[in-house]
Structures are given as structure tokens and as C-alpha cells.
>>> print(open('data.cif').read())   # mmCIF, C-alpha atoms and all ligand atoms
data_structure
loop_
_atom_site.group_PDB
_atom_site.id
_atom_site.type_symbol
_atom_site.label_atom_id
_atom_site.label_comp_id
_atom_site.auth_asym_id
_atom_site.auth_seq_id
_atom_site.Cartn_x
_atom_site.Cartn_y
_atom_site.Cartn_z
ATOM 1 C CA MET X 1 9.427 20.237 -29.679
ATOM 2 C CA THR X 2 8.876 17.665 -32.410
ATOM 3 C CA ASN X 3 11.489 15.572 -34.120
ATOM 4 C CA ALA X 4 11.376 16.782 -37.717
ATOM 5 C CA GLY X 5 11.124 14.061 -40.316
ATOM 6 C CA GLN X 6 9.933 11.433 -37.847
ATOM 7 C CA GLN X 7 6.639 9.748 -38.716
ATOM 8 C CA PRO X 8 4.234 9.679 -35.769
ATOM 9 C CA LYS X 9 3.752 6.131 -34.461
ATOM 10 C CA SER X 10 0.191 4.909 -34.207
ATOM 11 C CA GLN X 11 -1.055 5.780 -30.760
ATOM 12 C CA PRO X 12 -1.898 3.014 -28.265
ATOM 13 C CA SER X 13 -5.666 3.135 -27.736
ATOM 14 C CA ASN X 14 -6.133 3.797 -24.017
ATOM 15 C CA ILE X 15 -3.840 6.782 -23.518
ATOM 16 C CA ILE X 16 -5.273 9.712 -21.595
ATOM 17 C CA CYS X 17 -3.668 12.885 -20.343
ATOM 18 C CA TRP X 18 -2.701 12.487 -16.675
ATOM 19 C CA VAL X 19 -3.446 16.167 -16.025
ATOM 20 C CA CYS X 20 -6.621 17.088 -17.942
ATOM 21 C CA GLY X 21 -8.048 13.681 -18.944
ATOM 22 C CA SER X 22 -8.015 14.467 -22.675
ATOM 23 C CA GLN X 23 -7.632 11.555 -25.101
ATOM 24 C CA SER X 24 -6.029 13.757 -27.715
ATOM 25 C CA LEU X 25 -2.300 13.023 -27.383
ATOM 26 C CA SER X 26 0.394 12.610 -29.984
ATOM 27 C CA LEU X 27 3.869 11.107 -29.911
ATOM 28 C CA VAL X 28 6.479 13.882 -29.906
ATOM 29 C CA LYS X 29 9.613 11.939 -28.881
ATOM 30 C CA PRO X 30 9.931 8.240 -29.703
ATOM 31 C CA GLY X 31 11.481 6.313 -26.814
ATOM 32 C CA ASN X 32 15.186 5.433 -26.802
ATOM 33 C CA LEU X 33 15.325 3.189 -23.740
ATOM 34 C CA PRO X 34 18.155 0.694 -23.211
ATOM 35 C CA ASP X 35 17.299 -2.913 -24.206
ATOM 36 C CA ASN X 36 17.398 -4.223 -20.671
ATOM 37 C CA LEU X 37 15.619 -1.647 -18.571
ATOM 38 C CA ALA X 38 16.578 -2.201 -14.914
ATOM 39 C CA ALA X 39 16.266 -0.438 -11.577
ATOM 40 C CA ASP X 40 19.610 1.365 -11.954
ATOM 41 C CA ALA X 41 18.081 3.531 -14.712
ATOM 42 C CA PHE X 42 15.800 5.020 -12.026
ATOM 43 C CA GLN X 43 18.614 6.189 -9.741
ATOM 44 C CA ILE X 44 18.403 9.815 -8.677
ATOM 45 C CA THR X 45 21.949 10.314 -9.956
ATOM 46 C CA ASP X 46 21.469 8.509 -13.304
ATOM 47 C CA SER X 47 23.070 10.692 -15.972
ATOM 48 C CA ARG X 48 21.707 9.237 -19.204
ATOM 49 C CA TYR X 49 20.245 12.590 -20.193
ATOM 50 C CA GLY X 50 17.991 12.545 -23.237
ATOM 51 C CA GLN X 51 17.100 8.868 -22.789
ATOM 52 C CA THR X 52 13.382 8.460 -22.205
ATOM 53 C CA ALA X 53 10.375 6.274 -22.920
ATOM 54 C CA ASP X 54 7.949 7.432 -25.670
ATOM 55 C CA ILE X 55 6.887 10.999 -24.817
ATOM 56 C CA PHE X 56 3.339 12.006 -25.781
ATOM 57 C CA LYS X 57 2.012 15.565 -25.739
ATOM 58 C CA CYS X 58 -1.570 16.449 -24.796
ATOM 59 C CA SER X 59 -3.034 18.718 -27.459
ATOM 60 C CA ASP X 60 -5.494 20.199 -24.948
ATOM 61 C CA CYS X 61 -3.257 21.196 -22.018
ATOM 62 C CA GLY X 62 0.284 20.677 -23.374
ATOM 63 C CA PHE X 63 1.355 18.139 -20.727
ATOM 64 C CA LEU X 64 4.164 15.756 -21.761
ATOM 65 C CA GLU X 65 3.954 12.188 -20.430
ATOM 66 C CA CYS X 66 5.320 8.661 -20.933
ATOM 67 C CA PRO X 67 2.226 6.443 -20.705
ATOM 68 C CA THR X 68 3.749 3.392 -22.392
ATOM 69 C CA LEU X 69 6.492 2.731 -19.835
ATOM 70 C CA PRO X 70 5.695 -0.418 -17.816
ATOM 71 C CA ASP X 71 4.953 -0.195 -14.093
ATOM 72 C CA VAL X 72 7.721 2.029 -12.736
ATOM 73 C CA LEU X 73 6.980 1.319 -9.075
ATOM 74 C CA ASN X 74 8.727 -2.070 -9.223
ATOM 75 C CA PHE X 75 11.890 -0.360 -10.407
ATOM 76 C CA TYR X 76 11.764 2.092 -7.500
ATOM 77 C CA ALA X 77 11.254 -0.694 -4.978
ATOM 78 C CA GLU X 78 14.468 -2.348 -6.231
ATOM 79 C CA MET X 79 16.462 0.833 -6.750
ATOM 80 C CA ASP X 80 19.524 1.688 -4.660
ATOM 81 C CA ASP X 81 21.715 4.727 -5.218
ATOM 82 C CA THR X 82 25.007 5.013 -3.389
ATOM 83 C CA GLY X 83 25.998 8.026 -5.545
ATOM 84 C CA TYR X 84 23.050 9.821 -3.964
ATOM 85 C CA GLU X 85 24.467 9.159 -0.494
ATOM 86 C CA ASP X 86 27.802 10.629 -1.592
ATOM 87 C CA THR X 87 26.084 14.006 -2.038
ATOM 88 C CA ARG X 88 24.118 13.770 1.226
ATOM 89 C CA ALA X 89 25.672 16.902 2.784
ATOM 90 C CA GLU X 90 24.840 19.026 -0.261
ATOM 91 C CA ARG X 91 21.323 17.625 -0.480
ATOM 92 C CA ALA X 92 20.841 18.502 3.206
ATOM 93 C CA LEU X 93 21.694 22.137 2.344
ATOM 94 C CA GLN X 94 19.090 22.038 -0.406
ATOM 95 C CA ALA X 95 16.504 20.583 1.997
ATOM 96 C CA GLU X 96 17.247 23.377 4.482
ATOM 97 C CA GLY X 97 16.659 25.958 1.751
ATOM 98 C CA LEU X 98 13.297 24.413 0.864
ATOM 99 C CA LEU X 99 12.264 24.214 4.516
ATOM 100 C CA LYS X 100 13.131 27.887 4.963
ATOM 101 C CA ALA X 101 10.672 28.730 2.162
ATOM 102 C CA LEU X 102 8.067 26.490 3.810
ATOM 103 C CA LEU X 103 8.598 28.074 7.251
ATOM 104 C CA LYS X 104 7.572 31.450 5.846
ATOM 105 C CA VAL X 105 4.014 30.217 5.342
ATOM 106 C CA LYS X 106 3.773 27.303 7.805
ATOM 107 C CA PRO X 107 5.913 27.343 10.931
ATOM 108 C CA GLY X 108 6.456 23.884 12.453
ATOM 109 C CA GLY X 109 3.900 21.166 13.131
ATOM 110 C CA ARG X 110 3.534 17.702 11.574
ATOM 111 C CA LEU X 111 5.410 17.265 8.290
ATOM 112 C CA LEU X 112 5.319 14.373 5.812
ATOM 113 C CA ASP X 113 7.950 14.035 3.066
ATOM 114 C CA VAL X 114 6.653 11.885 0.191
ATOM 115 C CA GLY X 115 9.364 10.056 -1.773
ATOM 116 C CA ALA X 116 11.663 10.722 1.162
ATOM 117 C CA GLY X 117 14.662 8.727 -0.113
ATOM 118 C CA SER X 118 17.067 8.074 2.740
ATOM 119 C CA GLY X 119 15.422 10.746 4.872
ATOM 120 C CA ILE X 120 17.593 13.794 4.186
ATOM 121 C CA LEU X 121 14.727 16.324 4.244
ATOM 122 C CA VAL X 122 13.022 14.574 7.189
ATOM 123 C CA ALA X 123 16.235 14.812 9.238
ATOM 124 C CA ALA X 124 16.674 18.487 8.317
ATOM 125 C CA ALA X 125 13.043 19.206 9.276
ATOM 126 C CA LYS X 126 13.389 17.450 12.648
ATOM 127 C CA LYS X 127 16.520 19.485 13.346
ATOM 128 C CA ILE X 128 14.555 22.731 13.109
ATOM 129 C CA GLY X 129 11.607 21.560 15.167
ATOM 130 C CA PHE X 130 9.148 19.922 12.788
ATOM 131 C CA ASP X 131 7.494 16.686 13.923
ATOM 132 C CA ALA X 132 8.628 15.071 10.650
ATOM 133 C CA GLN X 133 8.310 11.683 8.974
ATOM 134 C CA GLY X 134 8.622 10.315 5.463
ATOM 135 C CA ILE X 135 7.477 7.580 3.097
ATOM 136 C CA GLU X 136 9.669 6.027 0.382
ATOM 137 C CA PRO X 137 9.216 3.110 -2.077
ATOM 138 C CA SER X 138 12.902 2.109 -2.416
ATOM 139 C CA VAL X 139 13.651 -0.712 0.044
ATOM 140 C CA ALA X 140 17.363 0.169 0.187
ATOM 141 C CA LEU X 141 16.901 3.923 0.695
ATOM 142 C CA GLN X 142 14.170 3.448 3.316
ATOM 143 C CA ARG X 143 16.372 0.961 5.182
ATOM 144 C CA ARG X 144 19.219 3.513 5.196
ATOM 145 C CA ALA X 145 16.888 6.098 6.736
ATOM 146 C CA VAL X 146 15.838 3.716 9.507
ATOM 147 C CA GLU X 147 19.474 2.744 10.156
ATOM 148 C CA ASN X 148 20.115 6.447 10.753
ATOM 149 C CA ASP X 149 17.114 6.702 13.134
ATOM 150 C CA ILE X 150 15.142 8.809 10.661
ATOM 151 C CA PRO X 151 11.402 7.948 10.660
ATOM 152 C CA VAL X 152 10.687 6.924 7.043
ATOM 153 C CA LYS X 153 8.057 4.244 6.246
ATOM 154 C CA LEU X 154 8.319 1.920 3.252
ATOM 155 C CA GLY X 155 5.693 2.441 0.537
ATOM 156 C CA ILE X 156 3.705 5.008 -1.409
ATOM 157 C CA LEU X 157 0.528 6.994 -0.744
ATOM 158 C CA PRO X 158 -2.124 6.132 0.214
ATOM 159 C CA SER X 159 -0.635 4.040 3.032
ATOM 160 C CA ALA X 160 -2.106 2.703 6.269
ATOM 161 C CA ASP X 161 1.288 3.416 7.884
ATOM 162 C CA VAL X 162 0.989 7.144 7.330
ATOM 163 C CA THR X 163 -2.039 8.983 8.645
ATOM 164 C CA GLY X 164 -2.874 12.668 8.537
ATOM 165 C CA PRO X 165 -3.671 15.349 9.134
ATOM 166 C CA PHE X 166 -0.304 16.958 8.386
ATOM 167 C CA ASP X 167 0.489 20.661 8.597
ATOM 168 C CA SER X 168 2.986 20.330 5.752
ATOM 169 C CA ILE X 169 3.504 17.726 3.024
ATOM 170 C CA THR X 170 6.569 17.971 0.784
ATOM 171 C CA LEU X 171 6.860 16.419 -2.658
ATOM 172 C CA VAL X 172 10.390 17.160 -3.821
ATOM 173 C CA ASP X 173 11.264 15.834 -7.279
ATOM 174 C CA VAL X 174 8.566 13.178 -7.065
ATOM 175 C CA ILE X 175 5.588 14.263 -9.145
ATOM 176 C CA GLU X 176 7.537 13.883 -12.420
ATOM 177 C CA HIS X 177 8.051 10.193 -11.541
ATOM 178 C CA VAL X 178 4.430 9.087 -11.055
ATOM 179 C CA PRO X 179 1.786 7.951 -13.584
ATOM 180 C CA ASP X 180 -1.141 9.605 -11.752
ATOM 181 C CA PRO X 181 0.067 13.006 -10.517
ATOM 182 C CA VAL X 182 -3.445 14.381 -9.899
ATOM 183 C CA GLY X 183 -4.319 11.253 -7.878
ATOM 184 C CA LEU X 184 -1.189 11.711 -5.743
ATOM 185 C CA LEU X 185 -1.908 15.427 -5.204
ATOM 186 C CA THR X 186 -5.515 14.574 -4.299
ATOM 187 C CA ASP X 187 -4.320 12.030 -1.698
ATOM 188 C CA ILE X 188 -2.036 14.725 -0.298
ATOM 189 C CA SER X 189 -4.825 17.291 -0.230
ATOM 190 C CA THR X 190 -7.012 14.966 1.867
ATOM 191 C CA MET X 191 -4.116 14.384 4.301
ATOM 192 C CA LEU X 192 -3.498 18.095 4.937
ATOM 193 C CA SER X 193 -4.876 19.882 7.992
ATOM 194 C CA GLU X 194 -7.406 22.655 7.293
ATOM 195 C CA ASP X 195 -4.730 25.315 6.794
ATOM 196 C CA GLY X 196 -2.007 22.828 5.825
ATOM 197 C CA VAL X 197 0.537 23.536 3.076
ATOM 198 C CA CYS X 198 1.850 21.295 0.321
ATOM 199 C CA MET X 199 5.245 22.009 -1.272
ATOM 200 C CA VAL X 200 5.831 20.657 -4.779
ATOM 201 C CA VAL X 201 9.262 20.832 -6.429
ATOM 202 C CA THR X 202 9.540 19.694 -10.048
ATOM 203 C CA PRO X 203 11.467 20.532 -13.241
ATOM 204 C CA ASP X 204 10.006 23.191 -15.560
ATOM 205 C CA VAL X 205 9.870 21.860 -19.105
ATOM 206 C CA LYS X 206 9.319 25.368 -20.489
ATOM 207 C CA SER X 207 12.352 26.856 -18.699
ATOM 208 C CA GLN X 208 15.091 28.612 -20.631
ATOM 209 C CA SER X 209 17.553 25.729 -20.212
ATOM 210 C CA ALA X 210 14.945 23.212 -21.411
ATOM 211 C CA ARG X 211 14.346 25.325 -24.517
ATOM 212 C CA ILE X 212 18.062 25.685 -25.231
ATOM 213 C CA MET X 213 18.960 22.026 -24.626
ATOM 214 C CA GLY X 214 15.932 20.564 -26.420
ATOM 215 C CA TRP X 215 15.594 16.814 -25.967
ATOM 216 C CA ARG X 216 19.101 16.693 -24.432
ATOM 217 C CA TRP X 217 17.967 18.697 -21.367
ATOM 218 C CA TRP X 218 19.170 16.955 -18.182
ATOM 219 C CA HIS X 219 15.625 16.406 -16.937
ATOM 220 C CA PHE X 220 14.729 14.323 -20.005
ATOM 221 C CA ARG X 221 15.658 11.002 -18.424
ATOM 222 C CA ILE X 222 14.245 7.529 -18.045
ATOM 223 C CA ALA X 223 12.890 8.040 -14.544
ATOM 224 C CA HIS X 224 10.939 11.180 -15.458
ATOM 225 C CA ILE X 225 7.601 10.156 -16.955
ATOM 226 C CA GLY X 226 5.685 13.463 -16.601
ATOM 227 C CA TYR X 227 6.951 16.914 -17.614
ATOM 228 C CA PHE X 228 5.268 19.973 -16.120
ATOM 229 C CA ASP X 229 5.319 23.672 -16.910
ATOM 230 C CA ARG X 230 3.665 26.420 -14.902
ATOM 231 C CA SER X 231 0.321 25.952 -16.624
ATOM 232 C CA THR X 232 0.057 22.133 -16.324
ATOM 233 C CA LEU X 233 1.387 22.179 -12.757
ATOM 234 C CA THR X 234 -1.229 24.767 -11.782
ATOM 235 C CA ARG X 235 -3.905 22.729 -13.509
ATOM 236 C CA ALA X 236 -2.899 19.497 -11.699
ATOM 237 C CA ILE X 237 -2.810 21.258 -8.303
ATOM 238 C CA ASN X 238 -6.218 22.870 -8.902
ATOM 239 C CA ALA X 239 -7.698 19.543 -10.046
ATOM 240 C CA ALA X 240 -6.568 18.065 -6.713
ATOM 241 C CA GLY X 241 -8.556 20.694 -4.791
ATOM 242 C CA MET X 242 -5.648 22.986 -3.910
ATOM 243 C CA ASP X 243 -4.710 26.569 -4.790
ATOM 244 C CA ILE X 244 -1.213 27.941 -5.305
ATOM 245 C CA VAL X 245 0.080 30.309 -2.615
ATOM 246 C CA SER X 246 3.515 31.070 -4.084
ATOM 247 C CA ILE X 247 5.896 29.980 -6.842
ATOM 248 C CA GLY X 248 9.698 30.149 -6.684
ATOM 249 C CA ARG X 249 12.834 28.587 -8.147
ATOM 250 C CA PRO X 250 14.815 26.223 -5.871
ATOM 251 C CA THR X 251 18.597 26.365 -5.429
ATOM 252 C CA TRP X 252 20.480 23.064 -5.498
ATOM 253 C CA TYR X 253 23.871 22.379 -3.927
ATOM 254 C CA PHE X 254 26.402 20.070 -5.557
ATOM 255 C CA PRO X 255 29.993 18.999 -4.992
ATOM 256 C CA ALA X 256 31.992 20.585 -7.837
ATOM 257 C CA LYS X 257 33.218 17.100 -8.870
ATOM 258 C CA TYR X 258 29.624 15.879 -9.348
ATOM 259 C CA LEU X 259 28.766 18.855 -11.569
ATOM 260 C CA ILE X 260 31.911 18.473 -13.662
ATOM 261 C CA GLU X 261 31.125 14.787 -14.216
ATOM 262 C CA ARG X 262 27.556 15.741 -15.272
ATOM 263 C CA VAL X 263 28.954 18.199 -17.819
ATOM 264 C CA PHE X 264 31.356 15.498 -19.037
ATOM 265 C CA SER X 265 28.393 13.235 -19.780
ATOM 266 C CA TYR X 266 27.623 15.591 -22.692
ATOM 267 C CA LEU X 267 31.153 15.234 -24.106
ATOM 268 C CA PRO X 268 32.709 12.449 -26.180
ATOM 269 C CA SER X 269 34.613 9.990 -23.966
ATOM 270 C CA TRP X 270 38.089 11.111 -25.113
ATOM 271 C CA LEU X 271 37.387 14.583 -23.717
ATOM 272 C CA ARG X 272 36.402 13.285 -20.268
ATOM 273 C CA LEU X 273 39.463 13.921 -18.107
ATOM 274 C CA PRO X 274 39.875 12.668 -14.537
ATOM 275 C CA VAL X 275 38.460 15.222 -12.079
ATOM 276 C CA PRO X 276 41.021 16.370 -9.454
ATOM 277 C CA SER X 277 39.963 15.368 -5.935
ATOM 278 C CA ILE X 278 40.024 18.976 -4.673
ATOM 279 C CA PHE X 279 36.706 19.409 -6.488
ATOM 280 C CA SER X 280 35.073 16.859 -4.161
ATOM 281 C CA ARG X 281 35.476 19.314 -1.314
ATOM 282 C CA LEU X 282 34.003 22.342 -3.068
ATOM 283 C CA THR X 283 30.249 22.910 -2.805
ATOM 284 C CA ILE X 284 28.542 24.945 -5.490
ATOM 285 C CA PRO X 285 25.070 26.475 -5.067
ATOM 286 C CA LEU X 286 23.287 26.374 -8.400
ATOM 287 C CA ASN X 287 20.030 27.886 -9.497
ATOM 288 C CA LEU X 288 19.414 27.165 -13.167
ATOM 289 C CA PHE X 289 15.859 28.507 -12.915
ATOM 290 C CA ASP X 290 14.633 25.291 -14.488
ATOM 291 C CA SER X 291 12.612 23.900 -11.575
ATOM 292 C CA TYR X 292 9.635 25.235 -9.643
ATOM 293 C CA THR X 293 9.020 25.335 -5.902
ATOM 294 C CA VAL X 294 5.265 25.677 -5.506
ATOM 295 C CA LEU X 295 3.467 26.145 -2.200
ATOM 296 C CA CYS X 296 -0.251 25.349 -2.175
ATOM 297 C CA ARG X 297 -3.146 25.068 0.224
ATOM 298 C CA LYS X 298 -6.354 23.088 0.284
ATOM 299 C CA ARG X 299 -9.173 25.076 -1.264
HETATM 300 ZN ZN ZN P 301 -3.951 17.402 -21.011
#
>>> encode(input="data.cif", output="C-alpha cells")
Amino acid sequence: MTNAGQQPKSQPSNIICWVCGSQSLSLVKPGNLPDNLAADAFQITDSRYGQTADIFKCSDCGFLECPTLPDVLNFYAEMDDTGYEDTRAERALQAEGLLKALLKVKPGGRLLDVGAGSGILVAAAKKIGFDAQGIEPSVALQRRAVENDIPVKLGILPSADVTGPFDSITLVDVIEHVPDPVGLLTDISTMLSEDGVCMVVTPDVKSQSARIMGWRWWHFRIAHIGYFDRSTLTRAINAAGMDIVSIGRPTWYFPAKYLIERVFSYLPSWLRLPVPSIFSRLTIPLNLFDSYTVLCRKR
């Protein structure tokens, strides 16, 4: 996916592939970030699809990454997202679906959710008997979890506040946000019990919808700085000392109103009609087959 007619920019000198370590990367999508990049661009519900930092492609493994974006962690620490809370019930359904897949290979025990947000998956896991906790960098989201009596610590891995071993560690829509995915997976691998299981959920940049939408695919967004396909995801997991047990496609649940508004974001403003409130009460399960749910174990 190259932009025809665009001259490649000269490459900053110290760029390496976050998955395979190669230094052979080339710019395939010049960044189109807003002038004043702020924490709101990193909201889970941000809908500026197609807006990204410079995307480079590794010529050795094919991984797509945004190595020139400044330190994203500060943005996450400051980020709040009330729109995310509005879809809490639907996101709980999604968490239950993921936990069901996890239960098939690892029933119960200690669970850690990394990038836990306001604790939706942790709460769902506790409800079905896991001894669950989470860790989350956003001050506002972590505070909301604690206000709801959901055990979520503030921070990122590695953290002195979160100690293994864990029977399960979940990484749902997180790995595409971090500048050292293999480092994060390695930290997770060392925190797993001997037969522990890690669940990784992330968009698939080689999925059918990604191919059809091109650079306007909904997962091309400011907050996503790494783009995996089956091959690069496998490679990153293997490099972290884990092997894949199973691969599936997750189902998401959305209020109909939320989905309609997302579709509207692709339309010119004069075509965006008000969405009738009845659509707020309808929940739609959606599997676009453009994300992976991967279960893996320590080698
Ligand atoms: Zn690479």
C-alpha cells in the first residue's frame, strides 16, 4: 500500500523494526496529524479514521509502524473518554465473549488485564470466578475503575504494583498502541505461570476490510502506531518466548447509534443526519473479520 506519486521522505537515522529489529524500513504513508496533537486524539472512540503519524514499512518482515510519533504514553496518561463509558454495556458483552474463548484453554485462576481502561474486562472476569485485576495508564479511566470497586492499578508494565505469576494475561487492543510490542510481550511472558495463557487481540492489517478501505480503514488512526498481520503477530509472540495455541476473530458489540455515527464519519457533513434515539437501545454484534484473537503459551 504505497501512495503513488509521493516521493519517499528521507528516513530518520535510528529507525528499527519493532518486530524483527531490521533497519531496512521505508515511508509508505506520510503522516497527516492535526497541528495540535492532544490527548483527545488517543481516545478509544476517536473517529478520525485515516489520520496517522508517518507509517514506515519493514522490508524484511512487512511490519507497519509509526516510529516518529513523540512519546505516546504522556497522551494516554492524560486521556479521558466519556464516549467509551457510554458503550460500557456493549463492551462488557465483548469482554464476556473473549473470556469464553479464554476459558476453553485456561479455566479460572489469577488474571491480569493490561491496558484495562475503566475495568470492563476485569469486572466481567471477576463475575465468572477469575481472581482478576488490571493495569491502565490513563489516570481518568483508572480512577473510574477504582470508583466502581474494580481492582485496576495505575501504570504500565513492568510495574512493582503488579506481580505474577498469572494464569491468564489479556492484552485487548493494546499491542497496536505501544512502541515496543516485543518488549511488552516478553514482560507478559515472564509474568505467566508455567502453563499460563496470554490472549492478544489486535486489528489485522491484511484483512479483507483493510484491503478494501486502503488508508481509510478505521484502524488507521492516530493512536495506532503498530499494524500487525498474522505473520508479524506470530513473529512478535515467538520473539517474546511464546507459542500460539489458537487464532480466532473476535466479535464486537455496539449500540446501533454508535455504528451509524461511525459510518457517517466517512460521509460529507451535509449527509450526516441526526440519528433517531431508538438506535441507542439496539445492540448489534459485529464481526468484520478484521481483528485477531490469539491465545499463546510460554514456550
Ligand atoms: Zn521487521
>>> closest_residue(input="data.cif", among="X:Thr87, X:Gln94, X:Ser231, X:Thr202", to="ligand ZN 301 (chain P)", atoms="only C-alpha atoms and all ligand atoms")
X:Ser231
>>> axis_aligned_box(input="data.cif", around="stretch 79-91 of chain X", padding_each_side="6 Å", output="lines of an AutoDock Vina configuration file")
center_x = 22.1
center_y = 9.9
center_z = -2.0
size_x = 23.3
size_y = 30.2
size_z = 21.5
>>> atom_distance(input="data.cif", atom1="atom CA of X:Leu267", atom2="atom CA of X:Arg221")
17.0 Å
>>> atom_distance(input="data.cif", atom1="atom CA of X:Ile15", atom2="atom CA of X:Met79")
27.0 Å
>>> residues_near_ligand(input="data.cif", ligand="ligand ZN 301 (chain P)", cutoff="12 Å", atoms="all atoms listed in the file", output="PDB file with C-alpha atoms, in the coordinates of the input")
ATOM      1  CA  ILE X  15      -3.840   6.782 -23.518  1.00  0.00           C
ATOM      2  CA  ILE X  16      -5.273   9.712 -21.595  1.00  0.00           C
ATOM      3  CA  CYS X  17      -3.668  12.885 -20.343  1.00  0.00           C
ATOM      4  CA  TRP X  18      -2.701  12.487 -16.675  1.00  0.00           C
ATOM      5  CA  VAL X  19      -3.446  16.167 -16.025  1.00  0.00           C
ATOM      6  CA  CYS X  20      -6.621  17.088 -17.942  1.00  0.00           C
ATOM      7  CA  GLY X  21      -8.048  13.681 -18.944  1.00  0.00           C
ATOM      8  CA  SER X  22      -8.015  14.467 -22.675  1.00  0.00           C
ATOM      9  CA  GLN X  23      -7.632  11.555 -25.101  1.00  0.00           C
ATOM     10  CA  SER X  24      -6.029  13.757 -27.715  1.00  0.00           C
ATOM     11  CA  LEU X  25      -2.300  13.023 -27.383  1.00  0.00           C
ATOM     12  CA  SER X  26       0.394  12.610 -29.984  1.00  0.00           C
ATOM     13  CA  PHE X  56       3.339  12.006 -25.781  1.00  0.00           C
ATOM     14  CA  LYS X  57       2.012  15.565 -25.739  1.00  0.00           C
ATOM     15  CA  CYS X  58      -1.570  16.449 -24.796  1.00  0.00           C
ATOM     16  CA  SER X  59      -3.034  18.718 -27.459  1.00  0.00           C
ATOM     17  CA  ASP X  60      -5.494  20.199 -24.948  1.00  0.00           C
ATOM     18  CA  CYS X  61      -3.257  21.196 -22.018  1.00  0.00           C
ATOM     19  CA  GLY X  62       0.284  20.677 -23.374  1.00  0.00           C
ATOM     20  CA  PHE X  63       1.355  18.139 -20.727  1.00  0.00           C
ATOM     21  CA  LEU X  64       4.164  15.756 -21.761  1.00  0.00           C
ATOM     22  CA  GLU X  65       3.954  12.188 -20.430  1.00  0.00           C
ATOM     23  CA  VAL X 182      -3.445  14.381  -9.899  1.00  0.00           C
ATOM     24  CA  GLY X 226       5.685  13.463 -16.601  1.00  0.00           C
ATOM     25  CA  TYR X 227       6.951  16.914 -17.614  1.00  0.00           C
ATOM     26  CA  PHE X 228       5.268  19.973 -16.120  1.00  0.00           C
ATOM     27  CA  ASP X 229       5.319  23.672 -16.910  1.00  0.00           C
ATOM     28  CA  SER X 231       0.321  25.952 -16.624  1.00  0.00           C
ATOM     29  CA  THR X 232       0.057  22.133 -16.324  1.00  0.00           C
ATOM     30  CA  LEU X 233       1.387  22.179 -12.757  1.00  0.00           C
ATOM     31  CA  ARG X 235      -3.905  22.729 -13.509  1.00  0.00           C
ATOM     32  CA  ALA X 236      -2.899  19.497 -11.699  1.00  0.00           C
ATOM     33  CA  ALA X 239      -7.698  19.543 -10.046  1.00  0.00           C
TER      34      ALA X 239
END
>>> residues_around(input="data.cif", residues="X:Asp113", least_positions_apart="6", cutoff="9 Å", atoms="all atoms listed in the file", output="PDB file with C-alpha atoms, in the frame of the given file")
ATOM      1  CA  GLY X 119      15.422  10.746   4.872  1.00  0.00           C
ATOM      2  CA  LEU X 121      14.727  16.324   4.244  1.00  0.00           C
ATOM      3  CA  VAL X 122      13.022  14.574   7.189  1.00  0.00           C
ATOM      4  CA  ALA X 132       8.628  15.071  10.650  1.00  0.00           C
ATOM      5  CA  GLN X 133       8.310  11.683   8.974  1.00  0.00           C
ATOM      6  CA  GLY X 134       8.622  10.315   5.463  1.00  0.00           C
ATOM      7  CA  ILE X 135       7.477   7.580   3.097  1.00  0.00           C
ATOM      8  CA  GLU X 136       9.669   6.027   0.382  1.00  0.00           C
ATOM      9  CA  VAL X 152      10.687   6.924   7.043  1.00  0.00           C
ATOM     10  CA  SER X 168       2.986  20.330   5.752  1.00  0.00           C
ATOM     11  CA  ILE X 169       3.504  17.726   3.024  1.00  0.00           C
ATOM     12  CA  THR X 170       6.569  17.971   0.784  1.00  0.00           C
ATOM     13  CA  LEU X 171       6.860  16.419  -2.658  1.00  0.00           C
ATOM     14  CA  VAL X 172      10.390  17.160  -3.821  1.00  0.00           C
TER      15      VAL X 172
END
>>> residues_around(input="data.cif", residues="X:Arg88", least_positions_apart="4", cutoff="12 Å", atoms="all atoms listed in the file", output="PyMOL selection string")
chain X and resi 45+81-84+92-95+117-121+123-124+145+253-255+283
>>> resolve_selection(input="data.cif", expression="the PyMOL selection byres (((chain X and resi 207) around 9) and not hetatm)", output="number ranges by chain")
X: 203-206, 208-212, 229, 288-291
>>> residues_around(input="data.cif", residues="X:His177", least_positions_apart="6", cutoff="7 Å", atoms="all atoms listed in the file", output="ChimeraX atom specification")
/X:223-226
>>> resolve_selection(input="data.cif", expression="the PyMOL selection byres (((chain X and resi 131) around 6) and not hetatm)", output="mmCIF file with C-alpha atoms, keeping the file's coordinate frame")
data_model
loop_
_atom_site.group_PDB
_atom_site.id
_atom_site.type_symbol
_atom_site.label_atom_id
_atom_site.label_comp_id
_atom_site.auth_asym_id
_atom_site.auth_seq_id
_atom_site.Cartn_x
_atom_site.Cartn_y
_atom_site.Cartn_z
ATOM 1 C CA GLY X 109 3.900 21.166 13.131
ATOM 2 C CA ARG X 110 3.534 17.702 11.574
ATOM 3 C CA PHE X 130 9.148 19.922 12.788
ATOM 4 C CA ALA X 132 8.628 15.071 10.650
#
>>> atom_distance(input="data.cif", atom1="atom CA of X:Asn238", atom2="atom CA of X:Pro158")
19.5 Å
>>> residues_around(input="data.cif", residues="X:Gly31", least_positions_apart="3", cutoff="9 Å", atoms="all atoms listed in the file", output="list in words")
Gln51, Thr52, Ala53, Asp54, Ile55 and Cys66 of chain X
>>> closest_residue(input="data.cif", among="X:Ile222, X:Val200, X:Ile260, X:Leu103", to="X:Leu33", atoms="all atoms listed in the file")
X:Ile222
>>> resolve_selection(input="data.cif", expression="the PyMOL selection byres (((chain X and resi 242) around 6) and not hetatm)", output="PyMOL selection string")
chain X and resi 237-238+240-241+243+297-299
